[in-house]
Amino acid sequence: MVETYHEINSRFRRELAELHEEGETLNFCYQCATCSGICPVFRYNPKYNPRKLVEGMLTGRKEELIHDPNIWLCTVCHNCTEVCPQGVRVSELLAVLRNLATKAGNVPEHLKAEVKVLLETGLVNAPSKVTVSRRAKMGLPELKTADPAEIRALLEHLGFVKLTAKEGKAVKEESGGGGQQ
Amino acid sequence: MVAGNSSGYAMFLGCVIPNLLPHLEISIRKVFGKLDVEVKDVAGFSCCPEPIGTPGLDITTWVTLAARNLCVAEEAGLDIVTFCNGCFETLKEAKVLLEHDAKLRSKVAEALSKVGREYRGRVEVKHFAQVLYNDIGPAKLRSYVERPLKGVKVAAHYGCHILRPSHLLQVDDPFNPVLLDALVEATGAESVDYFRKFLCCGCGVGNLDEATNVKMVMEKLHYMTQAKADCMAVLCPVCFRQYDVRQMIINKTYGKDYNIPVFYYTQLLGLAMGMTPDELELKSNRTKVDPLLAKLNGGK
């Protein structure tokens, strides 16, 4: 097997550290892989390997990571953050990484669909005709949720509408998160 | 105006229960209707928004929409009670982050001001299990039990987003909690230990990697079966769907024979409080609850 060596730089880790209140904890990682050991996704799918993702963040492999579709495999169970012996906020930093991926247009299709519903209704599971009649049959009250126009306006102000409309470059299947623990 | 809202809670039902699992809402309303805690319908909540994809897209947006929901409760003068682990993590985490992170707070305040809202940080966020465990307490909860679930072995499943990240959520021990076990035992049932009790339901990975999600659910069902659990109790509608709906799909697709009825906790408590399966709309659960009911009625 051919090993690929990467040029190491610390720009990316500094960028990530600034994007989160506890982002500087990234620097405490000593690559023990306790996070990967407890990750429920890694147990079954080695393409998602938190230890390796953190290594990529530490060594500056920004371009590779933000275009990696596998960074979205996380269930956000936060086990990694809980067990890290160094207090690295692993799950939070991975969310920061995904924010950068989103800016680069790397967003999975199911989330694009979810955003569409959120922008239209202010909810991610919107009531259908079936729901409405089922609720009525069960004697449940009518739902009085937020005015979708207010949610849409808020999302416009936040730049979220523009952000999620971005198209990413075509992504390659195999990438940085995978491999051995 | 003072901090601390006293009379009852604003019900934050979220997106999943009202739209996809309204029968769970029946059990919530009926059970809380009999307890000494008032839960009120409040108009104007949006999606919490869900804590898996949304923070991945943009953390600031996630916290801002959550803060807007907190504002709605604040305007109603009520603390929030959530019925979904996802809603709980989002709202509670947003509240804590806004207390600690000044940069985030000012970004959120600016966005909210554009829609004429101001977040003051005066709302407490609780999961309904905390209301039952802390406000009422297992001992008093027992006084509502008319038909103790004697002899029933329950596999408690907490779900992730009520426990972790524990430094933000501050509910219970992240890997060795007692809350749900105590609530299960308050019904007269036995909470059984089983391997992989704290394995995630896998909802977050299901959309991208169905196979991994299925394996996670099967692993859990396997160990609950091995522990001879009669049923499962959950605190989250998303976990509920994973084990209730997906269990049926797994049995069909993979030729398995898992038979673990899944109960949302208020369904189980409702039964113990003497409500009938019909009153609780238990027929809408996909897993068959009949064997358990037969056991309760002294059959088999």
# chains A, B, ... in the order shown; residues from 1 in each chain; ligands from 1

call {"tool": "select_by_dssp", "arguments": {"residues": "stretch 9-176 of chain A", "states": "helix (DSSP H, G or I)", "output": "ChimeraX atom specification"}}
result
/A:11-19,23-28,34-38,40-44,50-59,62-66,69-73,79-83,90-103,109-121,129-137,148-157,160-165

call {"tool": "closest_atom_pairs", "arguments": {"of": "chain A", "to": "chain B", "cutoff": "6 Å", "atoms": "only C-alpha atoms", "output": "Markdown table"}}
result
| residue | atom | partner | partner_atom | distance |
| --- | --- | --- | --- | --- |
| A:Tyr44 | CA | B:Thr212 | CA | 5.8 |
| A:Leu73 | CA | B:Val205 | CA | 5.3 |
| A:Thr75 | CA | B:Gly204 | CA | 4.0 |
| A:Val76 | CA | B:Ile52 | CA | 5.8 |
| A:Cys77 | CA | B:Cys160 | CA | 5.3 |
| A:His78 | CA | B:Pro165 | CA | 5.8 |
| A:Ala95 | CA | B:Gly56 | CA | 4.7 |
| A:Arg98 | CA | B:Gly56 | CA | 5.0 |
| A:Asn99 | CA | B:Leu57 | CA | 5.0 |
| A:Thr102 | CA | B:Leu57 | CA | 5.6 |
| A:Gly122 | CA | B:Ser46 | CA | 5.3 |
| A:Leu123 | CA | B:Cys47 | CA | 4.4 |
| A:Asn125 | CA | B:Cys15 | CA | 5.2 |
| A:Pro127 | CA | B:Asn19 | CA | 5.4 |
| A:Thr131 | CA | B:Asn19 | CA | 5.7 |
| A:Lys144 | CA | B:Ala43 | CA | 4.9 |
| A:Thr145 | CA | B:Gly44 | CA | 4.6 |
| A:Ala146 | CA | B:Gly44 | CA | 3.9 |

call {"tool": "residues_around", "arguments": {"residues": "A:Lys116", "least_positions_apart": "6", "cutoff": "10 Å", "atoms": "only C-alpha atoms", "output": "CSV table (one decimal) with C-alpha atoms, in the first residue's frame"}}
result
chain,number,residue,atom,x,y,z
A,110,HIS,CA,-31.5,14.5,2.7
A,122,GLY,CA,-40.6,26.6,9.7
A,123,LEU,CA,-40.7,22.9,10.6
A,124,VAL,CA,-38.7,19.9,9.4
A,161,VAL,CA,-31.0,30.8,2.6
A,164,THR,CA,-27.8,26.3,1.7
A,165,ALA,CA,-28.5,27.2,-1.9

call {"tool": "atom_distance", "arguments": {"atom1": "atom CA of B:Ala227", "atom2": "atom CA of B:His157"}}
result
13.5 Å

call {"tool": "residues_around", "arguments": {"residues": "B:Asp290", "least_positions_apart": "4", "cutoff": "9 Å", "atoms": "only C-alpha atoms", "output": "NGL selection string"}}
result
:B and (261 or 294-295)

call {"tool": "residues_around", "arguments": {"residues": "B:Cys231", "least_positions_apart": "3", "cutoff": "9 Å", "atoms": "only C-alpha atoms", "output": "number ranges by chain"}}
result
B: 152-156, 224, 228, 259-263, 289, 292

call {"tool": "select_by_dssp", "arguments": {"residues": "stretch 86-236 of chain B", "states": "strand (DSSP E or B)", "output": "list in words"}}
result
Val125, Lys126, His127, Lys153, Val154, Ala155, Ala156, His157, Glu190, Ser191, Cys231, Met232, Ala233 and Val234 of chain B

call {"tool": "residues_around", "arguments": {"residues": "stretch 14-22 of chain A", "least_positions_apart": "4", "cutoff": "7 Å", "atoms": "only C-alpha atoms", "output": "VMD selection string"}}
result
(chain A and resid 10 26 89 96) or (chain B and resid 101)

call {"tool": "atom_distance", "arguments": {"atom1": "atom CA of B:Asp244", "atom2": "atom CA of B:Arg286"}}
result
5.8 Å

call {"tool": "atom_distance", "arguments": {"atom1": "atom CA of A:Asn9", "atom2": "atom CA of A:Glu55"}}
result
11.8 Å
